[in-house]
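Note sheet for the following structure.
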Amino acid sequence: YRNENSFFELEPDEHTIVKTQETATSLTCIYYNVGGTGIDVTTVSAIINDTLSFTASIHNPDHLAVTGLAYPMIITRYALGAEDASEALLYPRNAGILYRNPKPQSFEPDSFHAWRFTPENGDTFHYPGQIFAQFLAYYNSVAGIYVACDDTTGQLKLIKPVHRNGLRLGFFHADDWSQSRDLGYHILLKSFIGDWYRAADLYREWTGSQHWSIPLSERKELPKWLLDSPPHIVLRIQGRLDEGPTEPNECFQPYEKAIPLLDKISEELDAPIAPIIMSWENKGPWVYPDCFPPAGTDESLCRFTKLVGQRGWHVGSYCNGTRWVTAHYWSGYNGRNYFEENNGAQTVCRTIDNMMWKECWDTSWRESYAACLGVERTREIAEDFCRHLMNDGLDYIQFLDQNVGCTAFPCYSSNHNHPPMPGHWMTQAMERLGSTFEKIRKESGRKMVFALEQPCCEFFIPYIQICDVRVGPPGHSYYNSGFVPLAMYLFHEYILFQGAFGCGQEPYHLQIRTAANLVWGVIPGGFLTQDGDLVNRDHTMPWSEWEPKLGDNDQSITMIKHATALRRGSGRPYLVYGRMQPPASIEDIYICQWQHGNENHVTPAVFHSAWKSPQGKFAVVLANWTDHPQTVTIRDSRLGKPCTVTIAPLDCALVEEKAQN
């Protein structure tokens, strides 16, 4: 709880009286006078079928400022008993993380610091937010432990694994507990047998029945052009790197100069495309809210969107989200006067010490602060920003580009019209912003799209049409460090995903990334350069230089072309509308090995995945990113008898249920 400007961790001590009530199927514990504060905590654990259910309530007669409840304390051994050391922990963060064979040093210690909302801990690592689902699973080849919340109201939580004399599957229920009340939902604990797909199936069964899970085919606001999977072609208007010079890229200024390059790309791909502008802000890339007029002028951007619209395409934009930028060291921007003249300090989140919440991750190239969505002015600035882009003709706005996962930032201010601590008000504030998006879409008179950086937290899926997800292909260091396509496995049938950037081993970056995007249900794309080629360097999570060029642009284009054709053609029921399934057993996949620079790469020549259409039909999708034909054998009872498939170079294949070849 919070007392003045200090935090204290309350645990039962010598002042605490504990009484229990036990039945055949439940245990109630009442902790009176916890920590000598006069607070009483009641916990209830009950067996319901094969599940152990937990809930709790707090009686707080003196209305102390209690900021959260850590419950239940679920701690397991790291070694669960299998002889093959096959332990793994599934964590719904980023697109999905699988910690294989974790050790105590894999996680932070279970200290009070681990559960605080502070700038050094980041401001996005909560649910609803960058943690996009409410569960953790730890398992081995014998059995596993699954823990989940059945909350349907988007209550704020910290969910993460920490070390506490073993592996703690940690849940911290953050909110204003100054009034006596109960938790409002249950935490469910059960065992399972299988791998991470089985754990995800348990959660998918629950989340798929909630109000946010509307199939894509029933989302009436989704435009046909987006469902047609246009490859996302990104135009970086200024600079090549975030942490680098911000000189204008003259090939895109004025914007109309990009039209011949985009025509060439569309012709080569034999498909409509979605041009996406980024780093366009006038005072330097990612400067917000002092960003208009855009670099290259509003007039030029309007002419560009009109020319693009004449081709049946639609222009999108990456943005900055609710981070107030006051300085950009590469462009020389100094926004302190603008910040003061526009009362920026009144909109910025506050720490427990009432200091402005300064961002930590971007301090080498800019100065920025998290802006509080509980402040109406923050929402109004966002609305004006999005309306400006709408009036410039954009149909696709990734405004929440750094509010990853639909994150509302935590705030302790006593003057922001919300409780002076992180809590459910953050979810409600993000809902108000989502309603603002809906209003702008209706005002536009056209089916605009609002996008998001990283997978959308399930609670906010109805407000977001497409997510920017960055895949880690098999064999890449990002994949080897734990990437799994969990978000796509859970939510693919409810929201679209695009992969204009992500990982891919050099010098075959785009071929490999496109193959991974395809099999995991993600719209492909790339970065355009001054001569119409696509960047083929491994920009991993951020960006990369355009030169020296690597790889073969023709092969990259061919891979994107074939992937797009499959998504728009026979693969559409699966790769656009379908539900990902546990993968099939694929034999005889050739393993490619090569060295590039200082990197040694070992990567399968064929990537694959399994899908089920809304009509219940099963299929396997395969992608051969190499320039040689590949032959594999598929053995899966869902297809019927085994089949052999030969895939042409830089091509993909769909093998449907009951297919013979």
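Within each chain, counting starts at residue 1; across the structure tokens, chains are named A, B, ... in the order shown, with ligands numbered 1 upward in that order.
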Query raised in the report: So which residues of segment 329-561 of chain A fall under strand (DSSP E) by DSSP, listed as a list of chain:residue names?
Result: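 Answer for segment 329-561 of chain A restricted to strand (DSSP E) is A:Tyr333, A:Asn334, A:Arg366, A:Glu367, A:Ser368, A:Tyr369, A:Ala370, A:Tyr396, A:Ile397, A:Gln398, A:Phe399, A:Leu400, A:Val449, A:Phe450, A:Ala451, A:Leu452, A:Glu453, A:Ile466, A:Cys467, A:Asp468, A:Leu496, A:Phe497, A:Gln498, A:Gly525, A:Gly526, A:Phe527.
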Residues within 10 Å of Leu389 of chain A, please, as a list in words. Count only C-alpha atoms; anything in the same chain fewer than 5 positions from it doesn't count. Phe292, Pro294, Asp298, Leu301, Cys302, Gly316, Ser317, Asp384, Leu394, Asp395, Tyr396 and Ile397 of chain A
*Quick one: residues within 8 Å of His492 of chain A, only C-alpha atoms counted, chain neighbours fewer than 4 positions away excluded, as a ChimeraX atom specification?*
/A:487-488,496-497,521,576-580
Restricted to all heavy atoms, what would the selected residues look like written as a PDB file, in the first residue's frame?
```
ATOM      1  N   ALA A 487       0.448 -15.139 -30.430  1.00  0.00           N
ATOM      2  CA  ALA A 487      -0.640 -14.195 -30.700  1.00  0.00           C
ATOM      3  C   ALA A 487      -1.446 -14.629 -31.917  1.00  0.00           C
ATOM      4  O   ALA A 487      -2.686 -14.552 -31.915  1.00  0.00           O
ATOM      5  CB  ALA A 487      -0.076 -12.796 -30.901  1.00  0.00           C
ATOM      6  N   MET A 488      -0.772 -15.068 -32.968  1.00  0.00           N
ATOM      7  CA  MET A 488      -1.483 -15.519 -34.159  1.00  0.00           C
ATOM      8  C   MET A 488      -2.279 -16.789 -33.869  1.00  0.00           C
ATOM      9  O   MET A 488      -3.389 -16.967 -34.377  1.00  0.00           O
ATOM     10  CB  MET A 488      -0.498 -15.740 -35.306  1.00  0.00           C
ATOM     11  CG  MET A 488       0.127 -14.444 -35.829  1.00  0.00           C
ATOM     12  SD  MET A 488       1.464 -13.812 -34.785  1.00  0.00           S
ATOM     13  CE  MET A 488       2.880 -14.542 -35.613  1.00  0.00           C
ATOM     14  N   LEU A 496      -6.389  -8.897 -38.039  1.00  0.00           N
ATOM     15  CA  LEU A 496      -5.368  -9.099 -39.055  1.00  0.00           C
ATOM     16  C   LEU A 496      -3.980  -8.755 -38.514  1.00  0.00           C
ATOM     17  O   LEU A 496      -3.844  -7.949 -37.587  1.00  0.00           O
ATOM     18  CB  LEU A 496      -5.673  -8.234 -40.279  1.00  0.00           C
ATOM     19  CG  LEU A 496      -6.927  -8.629 -41.074  1.00  0.00           C
ATOM     20  CD1 LEU A 496      -7.346  -7.516 -42.008  1.00  0.00           C
ATOM     21  CD2 LEU A 496      -6.701  -9.927 -41.842  1.00  0.00           C
ATOM     22  N   PHE A 497      -2.974  -9.357 -39.119  1.00  0.00           N
ATOM     23  CA  PHE A 497      -1.578  -9.114 -38.759  1.00  0.00           C
ATOM     24  C   PHE A 497      -0.805  -8.747 -40.029  1.00  0.00           C
ATOM     25  O   PHE A 497      -1.062  -9.302 -41.094  1.00  0.00           O
ATOM     26  CB  PHE A 497      -0.938 -10.358 -38.140  1.00  0.00           C
ATOM     27  CG  PHE A 497      -1.552 -10.783 -36.835  1.00  0.00           C
ATOM     28  CD1 PHE A 497      -2.627 -11.660 -36.807  1.00  0.00           C
ATOM     29  CD2 PHE A 497      -1.052 -10.320 -35.628  1.00  0.00           C
ATOM     30  CE1 PHE A 497      -3.194 -12.057 -35.605  1.00  0.00           C
ATOM     31  CE2 PHE A 497      -1.608 -10.708 -34.425  1.00  0.00           C
ATOM     32  CZ  PHE A 497      -2.682 -11.577 -34.412  1.00  0.00           C
ATOM     33  N   GLY A 521       0.360 -16.684 -41.017  1.00  0.00           N
ATOM     34  CA  GLY A 521      -0.859 -15.916 -41.239  1.00  0.00           C
ATOM     35  C   GLY A 521      -0.688 -14.421 -41.213  1.00  0.00           C
ATOM     36  O   GLY A 521      -1.608 -13.699 -40.808  1.00  0.00           O
ATOM     37  N   VAL A 576      -6.383 -15.942 -44.086  1.00  0.00           N
ATOM     38  CA  VAL A 576      -7.053 -14.691 -43.760  1.00  0.00           C
ATOM     39  C   VAL A 576      -8.073 -14.909 -42.651  1.00  0.00           C
ATOM     40  O   VAL A 576      -8.075 -14.195 -41.642  1.00  0.00           O
ATOM     41  CB  VAL A 576      -7.723 -14.069 -44.999  1.00  0.00           C
ATOM     42  CG1 VAL A 576      -8.513 -12.807 -44.625  1.00  0.00           C
ATOM     43  CG2 VAL A 576      -6.680 -13.738 -46.060  1.00  0.00           C
ATOM     44  N   TYR A 577      -8.933 -15.914 -42.813  1.00  0.00           N
ATOM     45  CA  TYR A 577     -10.042 -16.107 -41.883  1.00  0.00           C
ATOM     46  C   TYR A 577      -9.849 -17.276 -40.916  1.00  0.00           C
ATOM     47  O   TYR A 577     -10.664 -17.462 -40.008  1.00  0.00           O
ATOM     48  CB  TYR A 577     -11.334 -16.351 -42.661  1.00  0.00           C
ATOM     49  CG  TYR A 577     -11.768 -15.191 -43.517  1.00  0.00           C
ATOM     50  CD1 TYR A 577     -11.601 -15.222 -44.901  1.00  0.00           C
ATOM     51  CD2 TYR A 577     -12.352 -14.065 -42.954  1.00  0.00           C
ATOM     52  CE1 TYR A 577     -12.002 -14.166 -45.701  1.00  0.00           C
ATOM     53  CE2 TYR A 577     -12.757 -12.998 -43.741  1.00  0.00           C
ATOM     54  CZ  TYR A 577     -12.583 -13.049 -45.112  1.00  0.00           C
ATOM     55  OH  TYR A 577     -12.980 -11.996 -45.896  1.00  0.00           O
ATOM     56  N   GLY A 578      -8.783 -18.054 -41.092  1.00  0.00           N
ATOM     57  CA  GLY A 578      -8.692 -19.332 -40.402  1.00  0.00           C
ATOM     58  C   GLY A 578      -8.126 -19.274 -38.996  1.00  0.00           C
ATOM     59  O   GLY A 578      -7.679 -18.242 -38.505  1.00  0.00           O
ATOM     60  N   ARG A 579      -8.123 -20.450 -38.375  1.00  0.00           N
ATOM     61  CA  ARG A 579      -7.596 -20.645 -37.024  1.00  0.00           C
ATOM     62  C   ARG A 579      -6.366 -21.546 -37.116  1.00  0.00           C
ATOM     63  O   ARG A 579      -6.428 -22.655 -37.657  1.00  0.00           O
ATOM     64  CB  ARG A 579      -8.645 -21.284 -36.127  1.00  0.00           C
ATOM     65  CG  ARG A 579      -8.144 -21.679 -34.754  1.00  0.00           C
ATOM     66  CD  ARG A 579      -9.203 -22.346 -33.898  1.00  0.00           C
ATOM     67  NE  ARG A 579     -10.220 -21.389 -33.475  1.00  0.00           N
ATOM     68  CZ  ARG A 579     -11.126 -21.641 -32.531  1.00  0.00           C
ATOM     69  NH1 ARG A 579     -11.150 -22.833 -31.931  1.00  0.00           N
ATOM     70  NH2 ARG A 579     -12.012 -20.729 -32.186  1.00  0.00           N
ATOM     71  N   MET A 580      -5.233 -21.065 -36.585  1.00  0.00           N
ATOM     72  CA  MET A 580      -4.018 -21.867 -36.617  1.00  0.00           C
ATOM     73  C   MET A 580      -4.183 -23.121 -35.760  1.00  0.00           C
ATOM     74  O   MET A 580      -4.824 -23.091 -34.707  1.00  0.00           O
ATOM     75  CB  MET A 580      -2.820 -21.048 -36.132  1.00  0.00           C
ATOM     76  CG  MET A 580      -1.462 -21.710 -36.399  1.00  0.00           C
ATOM     77  SD  MET A 580      -0.045 -20.831 -35.682  1.00  0.00           S
ATOM     78  CE  MET A 580      -0.108 -19.297 -36.604  1.00  0.00           C
TER      79      MET A 580
END
```
Q. Tell me, which residues of segment 114-217 of chain A carry DSSP alpha helix (DSSP H), written as number ranges by chain?
A. A: 196-207
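For the residues A:Thr363, A:Asn600, A:Thr626, A:Thr564, ranking by smallest atom-to-atom distance to Ser229 of chain A using only C-alpha atoms places A:Thr564 first.
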What are the closest atom pairs, with distances in Å to one decimal, for all residues of segment 42-142 of chain A lying within 12 Å of segment 180-196 of chain A? Consider only C-alpha atoms, order rows by chain and residue number, and present the result as a Markdown table.
```
| residue | atom | partner | partner_atom | distance |
| --- | --- | --- | --- | --- |
| A:Thr42 | CA | A:Asp182 | CA | 8.8 |
| A:Thr43 | CA | A:Asp182 | CA | 9.6 |
| A:Val44 | CA | A:His186 | CA | 9.7 |
| A:Ser45 | CA | A:Ile187 | CA | 9.3 |
| A:Ala46 | CA | A:Leu188 | CA | 9.7 |
| A:Ile47 | CA | A:Leu189 | CA | 9.6 |
| A:Ile48 | CA | A:Leu188 | CA | 9.6 |
| A:Asn49 | CA | A:Lys190 | CA | 10.0 |
| A:Asp50 | CA | A:Lys190 | CA | 6.7 |
| A:Thr51 | CA | A:Lys190 | CA | 5.0 |
| A:Leu52 | CA | A:Leu189 | CA | 5.0 |
| A:Ser53 | CA | A:Leu188 | CA | 4.7 |
| A:Phe54 | CA | A:Ile187 | CA | 5.0 |
| A:Thr55 | CA | A:His186 | CA | 5.0 |
| A:Ala56 | CA | A:Leu183 | CA | 5.6 |
| A:Ser57 | CA | A:Asp182 | CA | 3.7 |
| A:Ile58 | CA | A:Ser180 | CA | 5.4 |
| A:His59 | CA | A:Ser180 | CA | 4.5 |
| A:Asn60 | CA | A:Ser180 | CA | 5.0 |
| A:Pro61 | CA | A:Ser180 | CA | 7.1 |
| A:Asp62 | CA | A:Ser180 | CA | 9.5 |
| A:His63 | CA | A:Ser180 | CA | 7.9 |
| A:Leu64 | CA | A:Ser180 | CA | 10.1 |
| A:Ala65 | CA | A:Ser180 | CA | 11.2 |
| A:Val66 | CA | A:Ser180 | CA | 10.3 |
| A:Gly68 | CA | A:Leu183 | CA | 10.3 |
| A:Leu69 | CA | A:Leu183 | CA | 8.9 |
| A:Ala70 | CA | A:Leu183 | CA | 11.2 |
| A:Tyr71 | CA | A:Ile187 | CA | 8.7 |
| A:Pro72 | CA | A:Ile187 | CA | 7.9 |
| A:Met73 | CA | A:Ile187 | CA | 11.1 |
| A:Ile74 | CA | A:Leu189 | CA | 9.1 |
| A:Ile75 | CA | A:Leu189 | CA | 11.9 |
| A:Ser86 | CA | A:Asp195 | CA | 9.9 |
| A:Glu87 | CA | A:Asp195 | CA | 9.8 |
| A:Ala88 | CA | A:Trp196 | CA | 8.2 |
| A:Leu89 | CA | A:Trp196 | CA | 8.2 |
| A:Leu90 | CA | A:Trp196 | CA | 6.5 |
| A:Tyr91 | CA | A:Trp196 | CA | 9.8 |
| A:Pro92 | CA | A:Trp196 | CA | 11.1 |
| A:Gly96 | CA | A:Trp196 | CA | 10.4 |
| A:Ile97 | CA | A:Trp196 | CA | 10.2 |
| A:Leu98 | CA | A:Trp196 | CA | 8.1 |
| A:Tyr99 | CA | A:Trp196 | CA | 10.7 |
| A:Arg100 | CA | A:Trp196 | CA | 10.9 |
| A:Gln134 | CA | A:Ile187 | CA | 9.5 |
| A:Phe135 | CA | A:Leu188 | CA | 9.2 |
| A:Leu136 | CA | A:Leu189 | CA | 9.9 |
| A:Ala137 | CA | A:Trp196 | CA | 7.7 |
| A:Tyr138 | CA | A:Trp196 | CA | 8.6 |
| A:Tyr139 | CA | A:Asp195 | CA | 7.2 |
| A:Asn140 | CA | A:Asp195 | CA | 7.4 |
| A:Ser141 | CA | A:Gly194 | CA | 6.8 |
| A:Val142 | CA | A:Ile193 | CA | 6.5 |
```
Review point. Can you list, as a list in words, every protein, DNA or RNA residue that comes within 9 Å of Thr633 of chain A when you count only C-alpha atoms, leaving out same-chain residues fewer than 2 positions away?
Key: Ser585, Ile586, Glu587, Asp588, Ile589, Thr631, Arg635, Pro642, Cys643, Thr644, Val645 and Thr646 of chain A
Go ahead and write the selection's residues with N, CA, C and O atoms as a JSON list (two decimals), in the first residue's frame.
```json
[["chain", "number", "residue", "atom", "x", "y", "z"],
["A", 585, "SER", "N", 3.27, -33.23, -38.89],
["A", 585, "SER", "CA", 4.59, -33.87, -38.91],
["A", 585, "SER", "C", 5.11, -33.85, -40.35],
["A", 585, "SER", "O", 4.50, -34.45, -41.24],
["A", 586, "ILE", "N", 6.20, -33.12, -40.56],
["A", 586, "ILE", "CA", 6.77, -32.98, -41.90],
["A", 586, "ILE", "C", 8.15, -33.65, -41.90],
["A", 586, "ILE", "O", 9.01, -33.32, -41.08],
["A", 587, "GLU", "N", 8.35, -34.56, -42.83],
["A", 587, "GLU", "CA", 9.61, -35.29, -42.93],
["A", 587, "GLU", "C", 10.40, -34.83, -44.16],
["A", 587, "GLU", "O", 9.84, -34.27, -45.10],
["A", 588, "ASP", "N", 11.69, -35.09, -44.11],
["A", 588, "ASP", "CA", 12.60, -34.86, -45.25],
["A", 588, "ASP", "C", 12.82, -33.39, -45.56],
["A", 588, "ASP", "O", 13.15, -33.03, -46.71],
["A", 589, "ILE", "N", 12.66, -32.51, -44.58],
["A", 589, "ILE", "CA", 12.96, -31.10, -44.82],
["A", 589, "ILE", "C", 14.47, -30.91, -44.86],
["A", 589, "ILE", "O", 15.19, -31.29, -43.94],
["A", 631, "THR", "N", 11.27, -31.20, -51.80],
["A", 631, "THR", "CA", 10.26, -32.25, -51.68],
["A", 631, "THR", "C", 10.18, -32.71, -50.23],
["A", 631, "THR", "O", 11.21, -33.00, -49.61],
["A", 635, "ARG", "N", 2.91, -36.33, -42.84],
["A", 635, "ARG", "CA", 2.18, -37.41, -42.18],
["A", 635, "ARG", "C", 1.29, -36.79, -41.10],
["A", 635, "ARG", "O", 1.79, -36.28, -40.10],
["A", 642, "PRO", "N", -0.65, -40.28, -45.79],
["A", 642, "PRO", "CA", 0.54, -39.44, -46.02],
["A", 642, "PRO", "C", 0.62, -38.99, -47.48],
["A", 642, "PRO", "O", 0.15, -39.66, -48.40],
["A", 643, "CYS", "N", 1.22, -37.82, -47.68],
["A", 643, "CYS", "CA", 1.36, -37.31, -49.03],
["A", 643, "CYS", "C", 2.73, -36.68, -49.20],
["A", 643, "CYS", "O", 3.35, -36.22, -48.24],
["A", 644, "THR", "N", 3.21, -36.68, -50.43],
["A", 644, "THR", "CA", 4.49, -36.08, -50.78],
["A", 644, "THR", "C", 4.23, -34.82, -51.59],
["A", 644, "THR", "O", 3.41, -34.82, -52.52],
["A", 645, "VAL", "N", 4.92, -33.75, -51.24],
["A", 645, "VAL", "CA", 4.71, -32.46, -51.88],
["A", 645, "VAL", "C", 6.04, -31.94, -52.39],
["A", 645, "VAL", "O", 7.04, -31.93, -51.65],
["A", 646, "THR", "N", 6.07, -31.53, -53.64],
["A", 646, "THR", "CA", 7.24, -30.86, -54.20],
["A", 646, "THR", "C", 6.90, -29.38, -54.39],
["A", 646, "THR", "O", 5.91, -29.05, -55.05]]
```
Could you pull the residues within 6 Å of segment 542-559 of chain A, counting only C-alpha atoms, minus those fewer than 2 positions along the same chain, as a compact mmCIF listing (two decimals) with N, CA, C and O atoms, in the first residue's frame?
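Result file is out36.txt:
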```txt
# COMPACT_ATOMS: atom_id res chain seq x y z
N ARG A 240 17.36 6.91 -42.34
CA ARG A 240 17.37 5.46 -42.56
C ARG A 240 17.21 4.71 -41.24
O ARG A 240 16.72 3.59 -41.21
N LEU A 241 17.68 5.32 -40.15
CA LEU A 241 17.69 4.70 -38.83
C LEU A 241 17.06 5.67 -37.84
O LEU A 241 17.18 6.89 -37.97
N PRO A 507 22.05 -13.48 -46.41
CA PRO A 507 21.57 -12.44 -47.33
C PRO A 507 20.20 -12.75 -47.94
O PRO A 507 19.87 -12.24 -49.01
N TYR A 508 19.42 -13.60 -47.25
CA TYR A 508 18.11 -14.01 -47.78
C TYR A 508 16.98 -13.44 -46.91
O TYR A 508 15.90 -14.05 -46.80
N LEU A 510 14.55 -11.10 -46.89
CA LEU A 510 13.15 -10.95 -47.28
C LEU A 510 12.51 -12.27 -47.69
O LEU A 510 11.33 -12.51 -47.42
N GLN A 511 13.27 -13.13 -48.33
CA GLN A 511 12.72 -14.44 -48.70
C GLN A 511 12.32 -15.21 -47.45
O GLN A 511 11.23 -15.79 -47.37
N VAL A 535 14.47 -3.19 -49.20
CA VAL A 535 15.60 -3.42 -48.30
C VAL A 535 15.65 -4.90 -47.95
O VAL A 535 14.66 -5.49 -47.51
N ASN A 536 16.82 -5.50 -48.14
CA ASN A 536 16.97 -6.94 -47.91
C ASN A 536 18.00 -7.21 -46.82
O ASN A 536 18.69 -8.23 -46.84
N HIS A 539 16.93 -6.00 -40.53
CA HIS A 539 16.73 -4.92 -39.59
C HIS A 539 16.05 -5.39 -38.31
O HIS A 539 15.74 -4.60 -37.44
N THR A 540 15.84 -6.69 -38.21
CA THR A 540 15.36 -7.30 -36.98
C THR A 540 14.21 -6.49 -36.41
O THR A 540 13.19 -6.31 -37.01
N LYS A 561 5.33 -12.13 -54.00
CA LYS A 561 4.27 -12.32 -54.99
C LYS A 561 3.53 -13.64 -54.78
O LYS A 561 2.29 -13.68 -54.76
N HIS A 562 4.28 -14.70 -54.60
CA HIS A 562 3.65 -16.01 -54.45
C HIS A 562 2.92 -16.12 -53.11
O HIS A 562 1.84 -16.73 -53.03
N LEU A 650 11.23 -20.59 -54.28
CA LEU A 650 10.61 -19.31 -53.92
C LEU A 650 9.10 -19.37 -54.07
O LEU A 650 8.45 -18.46 -54.58
```
* Mind giving me the straight-line distance from atom CA of Asp84 of chain A to atom CA of Asn101 of chain A in Å, one decimal? =>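 About the pair atom CA of Asp84 of chain A and atom CA of Asn101 of chain A: they are 10.1 Å apart.
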task = Fewer than 4 positions away in the same chain doesn't count, so skip those; otherwise give me all residues within 6 Å of Leu452 of chain A, counting only C-alpha atoms, as JSON, numbers by chain.
result = {"A": [398, 400, 401, 467]}
Generate the output file for the selected residues, N, CA, C and O atoms, as a PDB file, in the first residue's frame.
```pdb
ATOM      1  N   GLN A 398      -1.754   3.933 -37.891  1.00  0.00           N
ATOM      2  CA  GLN A 398      -1.224   3.172 -36.759  1.00  0.00           C
ATOM      3  C   GLN A 398      -0.830   4.190 -35.678  1.00  0.00           C
ATOM      4  O   GLN A 398       0.346   4.435 -35.432  1.00  0.00           O
ATOM      5  N   LEU A 400      -1.393   4.068 -32.372  1.00  0.00           N
ATOM      6  CA  LEU A 400      -0.847   3.442 -31.163  1.00  0.00           C
ATOM      7  C   LEU A 400       0.418   2.661 -31.501  1.00  0.00           C
ATOM      8  O   LEU A 400       0.520   1.465 -31.257  1.00  0.00           O
ATOM      9  N   ASP A 401       1.387   3.361 -32.051  1.00  0.00           N
ATOM     10  CA  ASP A 401       2.597   2.695 -32.500  1.00  0.00           C
ATOM     11  C   ASP A 401       3.536   2.405 -31.344  1.00  0.00           C
ATOM     12  O   ASP A 401       4.364   1.521 -31.432  1.00  0.00           O
ATOM     13  N   CYS A 467      -2.639  -5.495 -36.735  1.00  0.00           N
ATOM     14  CA  CYS A 467      -1.484  -5.347 -35.855  1.00  0.00           C
ATOM     15  C   CYS A 467      -0.191  -5.496 -36.646  1.00  0.00           C
ATOM     16  O   CYS A 467      -0.110  -6.289 -37.587  1.00  0.00           O
TER      17      CYS A 467
END
```
Residues at most 12 Å from Asn343 of chain A, counting only C-alpha atoms, excluding those fewer than 2 positions away in the same chain, as a list in words?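 So the residues in contact are Trp324, Arg336, Asn337, Tyr338, Phe339, Glu340, Glu341, Ala345, Gln346, Thr347, Val348, Ala371, Val375, Arg377, Thr378 and Ile381 of chain A.
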As a check of understanding: the span from atom CA of Ala610 of chain A to atom CA of Ala584 of chain A is 6.3 Å
Practice problem: Report the distance between atom CA of Leu10 of chain A and atom CA of Ser413 of chain A in Å, rounded to one decimal place. | Solution: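 Pair atom CA of Leu10 of chain A / atom CA of Ser413 of chain A returns 22.7 Å.
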